[in-house]
Every structure is written in C-alpha cells, then in structure tokens.
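Note: the block below is coords-v6.cif and it holds mmCIF, C-alpha atoms.
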```
data_target
loop_
_atom_site.label_atom_id
_atom_site.label_comp_id
_atom_site.auth_asym_id
_atom_site.auth_seq_id
_atom_site.Cartn_x
_atom_site.Cartn_y
_atom_site.Cartn_z
CA MET A 1 1.20 -12.28 73.22
CA LEU A 2 -1.03 -14.71 71.33
CA LYS A 3 -3.74 -16.36 73.38
CA LYS A 4 -4.45 -20.05 72.99
CA SER A 5 -7.51 -19.64 70.73
CA GLU A 6 -5.70 -17.16 68.48
CA LEU A 7 -2.55 -19.29 68.42
CA ILE A 8 -4.56 -22.29 67.22
CA GLN A 9 -5.99 -20.22 64.37
CA VAL A 10 -2.53 -19.00 63.40
CA ILE A 11 -1.11 -22.54 63.47
CA ILE A 12 -3.94 -23.70 61.20
CA ALA A 13 -3.07 -20.86 58.80
CA ILE A 14 0.59 -21.89 58.81
CA LEU A 15 -0.33 -25.51 58.02
CA LEU A 16 -2.59 -24.35 55.19
CA PHE A 17 0.26 -22.22 53.86
CA GLU A 18 2.58 -25.26 53.98
CA PHE A 19 0.06 -27.23 51.92
CA ILE A 20 -0.25 -24.41 49.38
CA ILE A 21 3.52 -24.21 48.93
CA PHE A 22 4.23 -27.91 48.48
CA PHE A 23 1.11 -29.19 46.70
CA PRO A 24 1.31 -31.19 44.44
CA ASN A 25 5.05 -31.82 44.99
CA ASN A 26 6.59 -33.67 47.90
CA ILE A 27 9.05 -32.28 50.41
CA ASP A 28 12.61 -33.38 49.67
CA ILE A 29 16.11 -32.32 50.59
CA ARG A 30 16.20 -29.80 47.73
CA ASN A 31 13.31 -27.75 49.06
CA ILE A 32 13.38 -28.58 52.76
CA LEU A 33 14.08 -24.94 53.72
CA LEU A 34 10.75 -23.90 52.22
CA ILE A 35 9.11 -25.33 55.35
CA LEU A 36 10.38 -22.25 57.20
CA ILE A 37 8.61 -19.77 54.93
CA PRO A 38 5.00 -20.02 56.19
CA PRO A 39 5.83 -19.56 59.90
CA ILE A 40 8.24 -16.73 59.12
CA ILE A 41 5.69 -14.85 57.02
CA ILE A 42 2.56 -15.42 59.07
CA LEU A 43 4.11 -15.00 62.53
CA THR A 44 5.95 -11.83 61.50
CA ASN A 45 2.78 -10.39 59.98
CA VAL A 46 0.57 -11.31 62.94
CA ILE A 47 2.97 -10.25 65.68
CA THR A 48 3.75 -6.93 63.97
CA LYS A 49 0.05 -6.04 63.87
CA ARG A 50 -0.39 -7.15 67.46
CA ILE A 51 2.45 -4.83 68.50
CA ALA A 52 1.12 -1.92 66.42
CA ALA A 53 -2.53 -2.18 67.50
CA PRO A 54 -2.14 -0.65 71.01
CA TYR A 55 -0.61 2.48 69.49
CA TYR A 56 -3.96 3.03 67.75
CA SER A 57 -5.91 2.19 70.92
CA ILE A 58 -7.35 -1.06 69.64
CA LYS A 59 -6.98 -4.69 70.63
CA ILE A 60 -6.94 -7.24 67.83
CA ARG A 61 -7.30 -11.00 67.57
CA HIS A 62 -6.60 -13.08 64.47
CA LYS A 63 -8.81 -15.86 63.24
CA ILE A 64 -9.43 -17.82 60.05
CA TRP A 65 -10.98 -15.60 57.38
CA GLU A 66 -14.77 -15.90 57.50
CA PHE A 67 -17.56 -15.01 55.10
CA GLN A 68 -21.01 -14.17 56.44
CA ARG A 69 -22.55 -11.09 54.84
CA PHE A 70 -23.47 -11.32 51.15
CA GLY A 71 -25.47 -8.11 50.77
CA PHE A 72 -25.92 -4.63 52.17
CA ILE A 73 -29.15 -5.07 54.11
CA GLU A 74 -29.08 -6.42 57.66
CA LYS A 75 -30.73 -9.74 56.85
CA SER A 76 -28.49 -10.58 53.92
CA LYS A 77 -26.05 -12.74 55.83
CA LEU A 78 -25.51 -16.38 56.71
CA LYS A 79 -26.66 -17.69 60.08
CA LYS A 80 -23.15 -18.92 60.80
CA PRO A 81 -19.89 -17.58 59.36
CA PHE A 82 -18.39 -19.71 56.60
CA PRO A 83 -14.64 -20.40 57.08
CA ILE A 84 -13.65 -19.31 53.60
CA GLY A 85 -9.99 -18.97 54.57
CA LEU A 86 -9.92 -22.63 55.55
CA LEU A 87 -11.49 -24.14 52.44
CA PHE A 88 -10.97 -21.84 49.45
CA PRO A 89 -7.15 -21.94 49.34
CA ILE A 90 -7.22 -25.75 49.39
CA ILE A 91 -10.00 -26.03 46.80
CA ILE A 92 -8.36 -23.53 44.42
CA SER A 93 -4.98 -25.24 44.79
CA ILE A 94 -6.43 -28.70 44.08
CA LEU A 95 -8.56 -27.56 41.12
CA THR A 96 -5.58 -25.83 39.50
CA LEU A 97 -3.09 -28.56 40.47
CA GLY A 98 -1.11 -26.05 42.49
CA LEU A 99 -0.78 -23.46 39.72
CA ILE A 100 -2.82 -20.86 41.64
CA LYS A 101 -1.58 -20.53 45.19
CA MET A 102 -4.26 -18.61 47.07
CA MET A 103 -2.64 -17.24 50.25
CA VAL A 104 -5.61 -15.78 52.09
CA PHE A 105 -6.07 -17.40 55.47
CA LEU A 106 -6.55 -14.87 58.27
CA GLN A 107 -8.49 -11.79 59.27
CA PHE A 108 -8.30 -9.78 62.46
CA ASN A 109 -11.17 -8.69 64.64
CA TYR A 110 -10.81 -5.61 66.79
CA LYS A 111 -11.96 -4.04 70.00
CA ASN A 112 -11.73 -0.44 71.16
CA VAL A 113 -9.48 0.49 74.10
CA PRO A 114 -10.93 3.90 75.11
CA LYS A 115 -8.73 4.24 78.22
CA THR A 116 -5.62 4.57 76.09
CA ARG A 117 -7.14 6.51 73.23
CA ILE A 118 -5.95 10.07 72.71
CA LEU A 119 -9.11 12.12 73.01
CA LYS A 120 -9.76 14.54 70.19
CA LYS A 121 -11.41 17.64 71.52
CA ARG A 122 -13.86 19.49 69.34
CA GLY A 123 -15.67 22.11 71.33
CA PHE A 124 -17.06 20.35 74.40
CA HIS A 125 -17.17 16.91 72.79
CA ARG A 126 -14.66 14.13 73.15
CA PHE A 127 -14.53 11.17 70.79
CA LYS A 128 -13.51 7.76 72.08
CA GLU A 129 -14.68 5.60 69.19
CA ILE A 130 -12.63 3.59 66.74
CA ASN A 131 -12.13 5.26 63.39
CA GLU A 132 -11.24 3.52 60.15
CA SER A 133 -7.73 4.94 60.10
CA ASP A 134 -6.91 3.03 63.32
CA LEU A 135 -7.66 -0.24 61.55
CA ALA A 136 -5.94 0.90 58.36
CA PHE A 137 -2.63 1.80 59.97
CA THR A 138 -2.63 -1.36 62.06
CA ALA A 139 -3.11 -3.40 58.88
CA ALA A 140 -0.48 -1.30 57.10
CA TRP A 141 2.19 -2.35 59.60
CA GLY A 142 1.47 -5.95 58.66
CA PHE A 143 2.04 -5.15 54.98
CA TYR A 144 5.25 -3.26 55.74
CA SER A 145 6.50 -6.26 57.72
CA LEU A 146 6.07 -8.43 54.64
CA LEU A 147 8.16 -6.00 52.58
CA PHE A 148 10.83 -6.22 55.28
CA ILE A 149 10.84 -10.02 54.92
CA ALA A 150 11.17 -9.57 51.15
CA ILE A 151 14.23 -7.38 51.69
CA ILE A 152 15.76 -10.06 53.91
CA GLY A 153 15.06 -12.63 51.19
CA ILE A 154 16.69 -10.44 48.53
CA LEU A 155 19.77 -10.01 50.73
CA ILE A 156 20.00 -13.77 51.35
CA ARG A 157 19.90 -14.34 47.62
CA ALA A 158 22.46 -11.62 46.89
CA ILE A 159 24.94 -12.49 49.65
CA PHE A 160 24.67 -16.26 49.95
CA ASN A 161 23.28 -17.07 46.47
CA LEU A 162 20.56 -19.26 47.99
CA ASN A 163 17.32 -19.92 46.12
CA PHE A 164 15.64 -19.91 49.53
CA GLY A 165 16.10 -16.13 49.62
CA THR A 166 14.27 -15.71 46.32
CA SER A 167 11.43 -17.98 47.47
CA LEU A 168 11.13 -16.15 50.79
CA ALA A 169 10.88 -12.79 49.00
CA LEU A 170 8.41 -14.04 46.38
CA TYR A 171 6.08 -15.73 48.86
CA SER A 172 6.19 -12.73 51.16
CA ILE A 173 5.21 -10.39 48.33
CA ALA A 174 2.57 -12.83 47.06
CA TYR A 175 1.07 -13.16 50.54
CA GLY A 176 0.84 -9.39 50.79
CA LEU A 177 -0.71 -8.98 47.35
CA TRP A 178 -3.36 -11.63 48.01
CA ASN A 179 -4.35 -9.95 51.28
CA ILE A 180 -4.27 -6.36 50.04
CA PHE A 181 -7.41 -6.86 47.95
CA PRO A 182 -10.30 -4.86 49.53
CA ILE A 183 -12.56 -7.89 49.92
CA SER A 184 -14.66 -8.93 52.91
CA ASN A 185 -12.74 -8.67 56.21
CA LEU A 186 -9.26 -8.92 54.76
CA ASP A 187 -6.55 -6.49 55.86
CA GLY A 188 -6.73 -4.87 52.44
CA THR A 189 -10.33 -3.83 53.10
CA LYS A 190 -9.40 -2.14 56.37
CA LEU A 191 -6.50 -0.38 54.66
CA PHE A 192 -8.43 0.68 51.54
CA PHE A 193 -11.33 2.29 53.41
CA GLY A 194 -9.24 3.72 56.23
CA SER A 195 -6.33 5.14 54.24
CA PRO A 196 -6.70 4.92 50.44
CA LEU A 197 -3.41 6.78 49.89
CA THR A 198 -1.47 4.24 51.99
CA TRP A 199 -3.21 1.44 50.09
CA ILE A 200 -2.08 2.91 46.75
CA ILE A 201 1.48 3.45 48.00
CA LEU A 202 1.70 -0.15 49.21
CA ILE A 203 0.37 -1.48 45.90
CA ILE A 204 3.12 0.44 44.08
CA LEU A 205 5.78 -0.79 46.51
CA TYR A 206 4.69 -4.40 46.15
CA VAL A 207 4.75 -4.22 42.37
CA LEU A 208 8.22 -2.66 42.45
CA PHE A 209 9.51 -5.29 44.87
CA LEU A 210 8.00 -8.05 42.75
CA GLY A 211 9.81 -6.72 39.69
CA LEU A 212 13.06 -6.51 41.65
CA VAL A 213 12.80 -10.11 42.84
CA ILE A 214 12.05 -11.35 39.34
CA ILE A 215 15.10 -9.49 38.00
CA ILE A 216 17.50 -10.96 40.53
#
```

Please re-express this file's structure in structure tokens.
Amino acid sequence: MLKKSELIQVIIAILLFEFIIFFPNNIDIRNILLILIPPIIILTNVITKRIAAPYYSIKIRHKIWEFQRFGFIEKSKLKKPFPIGLLFPIIISILTLGLIKMMVFLQFNYKNVPKTRILKKRGFHRFKEINESDLAFTAAWGFYSLLFIAIIGILIRAIFNLNFGTSLALYSIAYGLWNIFPISNLDGTKLFFGSPLTWIILIILYVLFLGLVIII
C-alpha cells in the first residue's frame, strides 16, 4: 500500500483540502460531516490508481504537485521544484475569500516494471518501455473513481435526503474537473496526451454529472 513518504504527502493534501472546504467559515455541528469528504475523495482516488497501475506495468507514487519546467528547452527549468500544489490552493482561496476553491494538490510519478509488461512483438523487436497510454489509463481510473463517489453522493441525497450527499458529489466532481486540465504533471495531462478520446469522454461525463447534481 502507501509507503510512509507517500502517505505523508497524501495526508498533507487531505489537510489542504479540509482548509479549502471550510475557509473562511468555521466547523460547526451543521457541517461537521464535511470533514469526511477530503479523505474519502483523495484516498479513493489515490488507492484506485495504485491498484490500477500494476495492470499497465508501472509503479506510481503520489506527491504534492510540483512545478519546475517553464519552457521547452532543457535549461528552462528551476533548480528545485516549486511545491505549487501546496501554496497555490491556499493563496487562491485566501485572495478570493474562499469563493474559488482550487482543488489541485497531487501528482503521481511513475516507474516502469518491465518484468510484468506484456511484450509487443514486431518482427524481431520487443518493446519494454512505458508508453503514454499506460499513464493515461492509470489516471483515467482515478477519474472514474471520482464519478463513482459522485454516484454514492447522489444516492445518499436521494435516499436519505442529506445535504452531505450533495456536497460529496459536488466536491468529487469539482476535484476531478480541477485535475483533468492538461497542465504540468497533473493527471489530466497524462490522460490528454495518452488517450485524447478518453479525456473527451470524461469531460462530457463530468459535465453531465455536474448538471445532474445541480438539478437534484
């Protein structure tokens, strides 16, 4: 499962998510259940991708979203990565007094697992390298898991008439939409360049689910 270093990064992301949800309001008995939303969303998303990754012969580790390269040439990058996923959500939330809730905290790094990779034979050559579709489909499972959470939220709202269900669905969809943008090392980038069709399908699904949640 999650190693200590990765678990620390995930916990930091959960705490950041908690801040984004409640700022500038305080936690009270009326919204106490909202505390459960960040761990449900982030842990489900992370664990789903961790489970999916071996099927595409890669090993992944999550960490706080970092920014380093700012151009296309080799030298156009910072000496040390900037933890954009740690600072930007807080800054944006404070500057907008909580009106814009930026939910972009994590990225995943990857490593090839050639021993488990299905070798594609072309003539006398065998390819053991990672291809972009491996990363795309791993990321896609994370986005599908968020839609699953949204469905659970919709059912909670419909069956038990709890506002928590609506909030769970909305935050799950919002988290997915923020991360589906093809920017930097976000999951959306891996998905967009590895499987553009899947990226388009997920965009459509998220918009449809968002409309459904708003209606109910």

Assuming 6 Å of padding per side, give the centre and edge lengths of the axis-aligned box around every listed atom of region 157-168 of chain A, in Å to one decimal and as JSON.
```
{"center_x": 18.0, "center_y": -15.8, "center_z": 48.5, "size_x": 25.8, "size_y": 20.3, "size_z": 16.7}
```

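What the PyMOL selection byres ((chain A and resi 154-166) around 10) picks from this file is Asn31, Ile32, Leu33, Leu34, Leu36, Ile37, Phe148, Ile149, Ala150, Ile151, Ile152, Gly153, Ser167, Leu168, Ala169, Leu170, Tyr171, Ser172, Phe209, Leu212, Val213, Ile214 and Ile216 of chain A.
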
Skipping near chain neighbours, those fewer than 3 positions away, what residues fall within 8 Å of Asn112 (chain A) using all atoms listed in the file, listed as a PDB file with C-alpha atoms, keeping the file's coordinate frame?
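See result_18.pdb below for the written result:
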```pdb
ATOM      1  CA  SER A  57      -5.910   2.190  70.920  1.00  0.00           C
ATOM      2  CA  ILE A  58      -7.350  -1.060  69.640  1.00  0.00           C
ATOM      3  CA  LYS A  59      -6.980  -4.690  70.630  1.00  0.00           C
ATOM      4  CA  GLU A 129     -14.680   5.600  69.190  1.00  0.00           C
ATOM      5  CA  ILE A 130     -12.630   3.590  66.740  1.00  0.00           C
TER       6      ILE A 130
END
```

re CA of Phe19 (chain A) and CA of Thr48 (chain A): distance 23.9 Å

Got a sec to resolve the PyMOL selection byres ((chain A and resi 186-199) around 9) on this structure and send the residues as an mmCIF file with C-alpha atoms, in the coordinates of the input?
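File written: expr.cif
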```
data_model
loop_
_atom_site.group_PDB
_atom_site.id
_atom_site.type_symbol
_atom_site.label_atom_id
_atom_site.label_comp_id
_atom_site.auth_asym_id
_atom_site.auth_seq_id
_atom_site.Cartn_x
_atom_site.Cartn_y
_atom_site.Cartn_z
ATOM 1 C CA TRP A 65 -10.980 -15.600 57.380
ATOM 2 C CA VAL A 104 -5.610 -15.780 52.090
ATOM 3 C CA LEU A 106 -6.550 -14.870 58.270
ATOM 4 C CA GLN A 107 -8.490 -11.790 59.270
ATOM 5 C CA PHE A 108 -8.300 -9.780 62.460
ATOM 6 C CA ASN A 131 -12.130 5.260 63.390
ATOM 7 C CA GLU A 132 -11.240 3.520 60.150
ATOM 8 C CA SER A 133 -7.730 4.940 60.100
ATOM 9 C CA ASP A 134 -6.910 3.030 63.320
ATOM 10 C CA LEU A 135 -7.660 -0.240 61.550
ATOM 11 C CA ALA A 136 -5.940 0.900 58.360
ATOM 12 C CA PHE A 137 -2.630 1.800 59.970
ATOM 13 C CA THR A 138 -2.630 -1.360 62.060
ATOM 14 C CA ALA A 139 -3.110 -3.400 58.880
ATOM 15 C CA ALA A 140 -0.480 -1.300 57.100
ATOM 16 C CA GLY A 142 1.470 -5.950 58.660
ATOM 17 C CA PHE A 143 2.040 -5.150 54.980
ATOM 18 C CA GLY A 176 0.840 -9.390 50.790
ATOM 19 C CA LEU A 177 -0.710 -8.980 47.350
ATOM 20 C CA TRP A 178 -3.360 -11.630 48.010
ATOM 21 C CA ASN A 179 -4.350 -9.950 51.280
ATOM 22 C CA ILE A 180 -4.270 -6.360 50.040
ATOM 23 C CA PHE A 181 -7.410 -6.860 47.950
ATOM 24 C CA PRO A 182 -10.300 -4.860 49.530
ATOM 25 C CA ILE A 183 -12.560 -7.890 49.920
ATOM 26 C CA SER A 184 -14.660 -8.930 52.910
ATOM 27 C CA ASN A 185 -12.740 -8.670 56.210
ATOM 28 C CA ILE A 200 -2.080 2.910 46.750
ATOM 29 C CA ILE A 201 1.480 3.450 48.000
ATOM 30 C CA LEU A 202 1.700 -0.150 49.210
ATOM 31 C CA ILE A 203 0.370 -1.480 45.900
ATOM 32 C CA ILE A 204 3.120 0.440 44.080
#
```

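Residue nearest Gly85 (chain A) within the list A:Ser145, A:Val46, A:Tyr55, A:Leu16: A:Leu16 [criterion: smallest interatomic distance, all atoms listed in the file].
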
Which value, in Å to one decimal, gives the distance between CA of Lys63 (chain A) and CA of Phe105 (chain A)?
-> 8.4 Å

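Separating CA of Gly98 (chain A) from CA of Tyr175 (chain A) is a distance of 15.4 Å.
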
Mind rebuilding region 176-203 of chain A with N, CA and C atoms and writing that out as a short mmCIF file (atom, residue, chain, number, x, y, z; two decimals), in the coordinates of the input?
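rebuild02.cif written:
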```cif
data_model
loop_
_atom_site.label_atom_id
_atom_site.label_comp_id
_atom_site.auth_asym_id
_atom_site.auth_seq_id
_atom_site.Cartn_x
_atom_site.Cartn_y
_atom_site.Cartn_z
N GLY A 176 1.32 -10.75 50.64
CA GLY A 176 0.84 -9.39 50.79
C GLY A 176 -0.14 -8.99 49.71
N LEU A 177 0.17 -9.34 48.46
CA LEU A 177 -0.71 -8.98 47.35
C LEU A 177 -2.07 -9.66 47.44
N TRP A 178 -2.09 -10.93 47.85
CA TRP A 178 -3.36 -11.63 48.01
C TRP A 178 -4.22 -10.95 49.08
N ASN A 179 -3.59 -10.50 50.15
CA ASN A 179 -4.35 -9.95 51.28
C ASN A 179 -4.64 -8.46 51.16
N ILE A 180 -4.05 -7.80 50.18
CA ILE A 180 -4.27 -6.36 50.04
C ILE A 180 -5.54 -6.05 49.24
N PHE A 181 -6.14 -7.07 48.64
CA PHE A 181 -7.41 -6.86 47.95
C PHE A 181 -8.48 -6.40 48.94
N PRO A 182 -9.25 -5.35 48.62
CA PRO A 182 -10.30 -4.86 49.53
C PRO A 182 -11.55 -5.72 49.45
N ILE A 183 -11.45 -6.93 49.96
CA ILE A 183 -12.56 -7.89 49.92
C ILE A 183 -12.89 -8.35 51.32
N SER A 184 -14.18 -8.37 51.65
CA SER A 184 -14.66 -8.93 52.91
C SER A 184 -13.91 -8.32 54.09
N ASN A 185 -13.42 -9.16 55.01
CA ASN A 185 -12.74 -8.67 56.21
C ASN A 185 -11.22 -8.75 56.11
N LEU A 186 -10.70 -8.84 54.91
CA LEU A 186 -9.26 -8.92 54.76
C LEU A 186 -8.59 -7.61 55.19
N ASP A 187 -7.29 -7.68 55.45
CA ASP A 187 -6.55 -6.49 55.86
C ASP A 187 -6.61 -5.41 54.79
N GLY A 188 -6.66 -5.83 53.52
CA GLY A 188 -6.73 -4.87 52.44
C GLY A 188 -7.99 -4.02 52.49
N THR A 189 -9.09 -4.59 52.96
CA THR A 189 -10.33 -3.83 53.10
C THR A 189 -10.17 -2.74 54.15
N LYS A 190 -9.60 -3.11 55.29
CA LYS A 190 -9.40 -2.14 56.37
C LYS A 190 -8.48 -1.01 55.90
N LEU A 191 -7.45 -1.38 55.14
CA LEU A 191 -6.50 -0.38 54.66
C LEU A 191 -7.12 0.52 53.60
N PHE A 192 -7.85 -0.07 52.66
CA PHE A 192 -8.43 0.68 51.54
C PHE A 192 -9.43 1.73 52.03
N PHE A 193 -10.30 1.36 52.95
CA PHE A 193 -11.33 2.29 53.41
C PHE A 193 -10.83 3.24 54.49
N GLY A 194 -9.75 2.85 55.17
CA GLY A 194 -9.24 3.72 56.23
C GLY A 194 -8.16 4.68 55.78
N SER A 195 -7.40 4.28 54.76
CA SER A 195 -6.33 5.14 54.24
C SER A 195 -6.04 4.78 52.79
N PRO A 196 -6.86 5.26 51.87
CA PRO A 196 -6.70 4.92 50.44
C PRO A 196 -5.30 5.27 49.90
N LEU A 197 -4.73 6.38 50.37
CA LEU A 197 -3.41 6.78 49.89
C LEU A 197 -2.36 5.74 50.29
N THR A 198 -2.41 5.27 51.54
CA THR A 198 -1.47 4.24 51.99
C THR A 198 -1.66 2.97 51.19
N TRP A 199 -2.90 2.63 50.88
CA TRP A 199 -3.21 1.44 50.09
C TRP A 199 -2.55 1.54 48.70
N ILE A 200 -2.67 2.71 48.07
CA ILE A 200 -2.08 2.91 46.75
C ILE A 200 -0.56 2.83 46.82
N ILE A 201 0.03 3.46 47.84
CA ILE A 201 1.48 3.45 48.00
C ILE A 201 1.99 2.02 48.17
N LEU A 202 1.28 1.23 48.98
CA LEU A 202 1.70 -0.15 49.21
C LEU A 202 1.56 -1.00 47.94
N ILE A 203 0.52 -0.78 47.18
CA ILE A 203 0.37 -1.48 45.90
C ILE A 203 1.58 -1.21 45.01
#
```
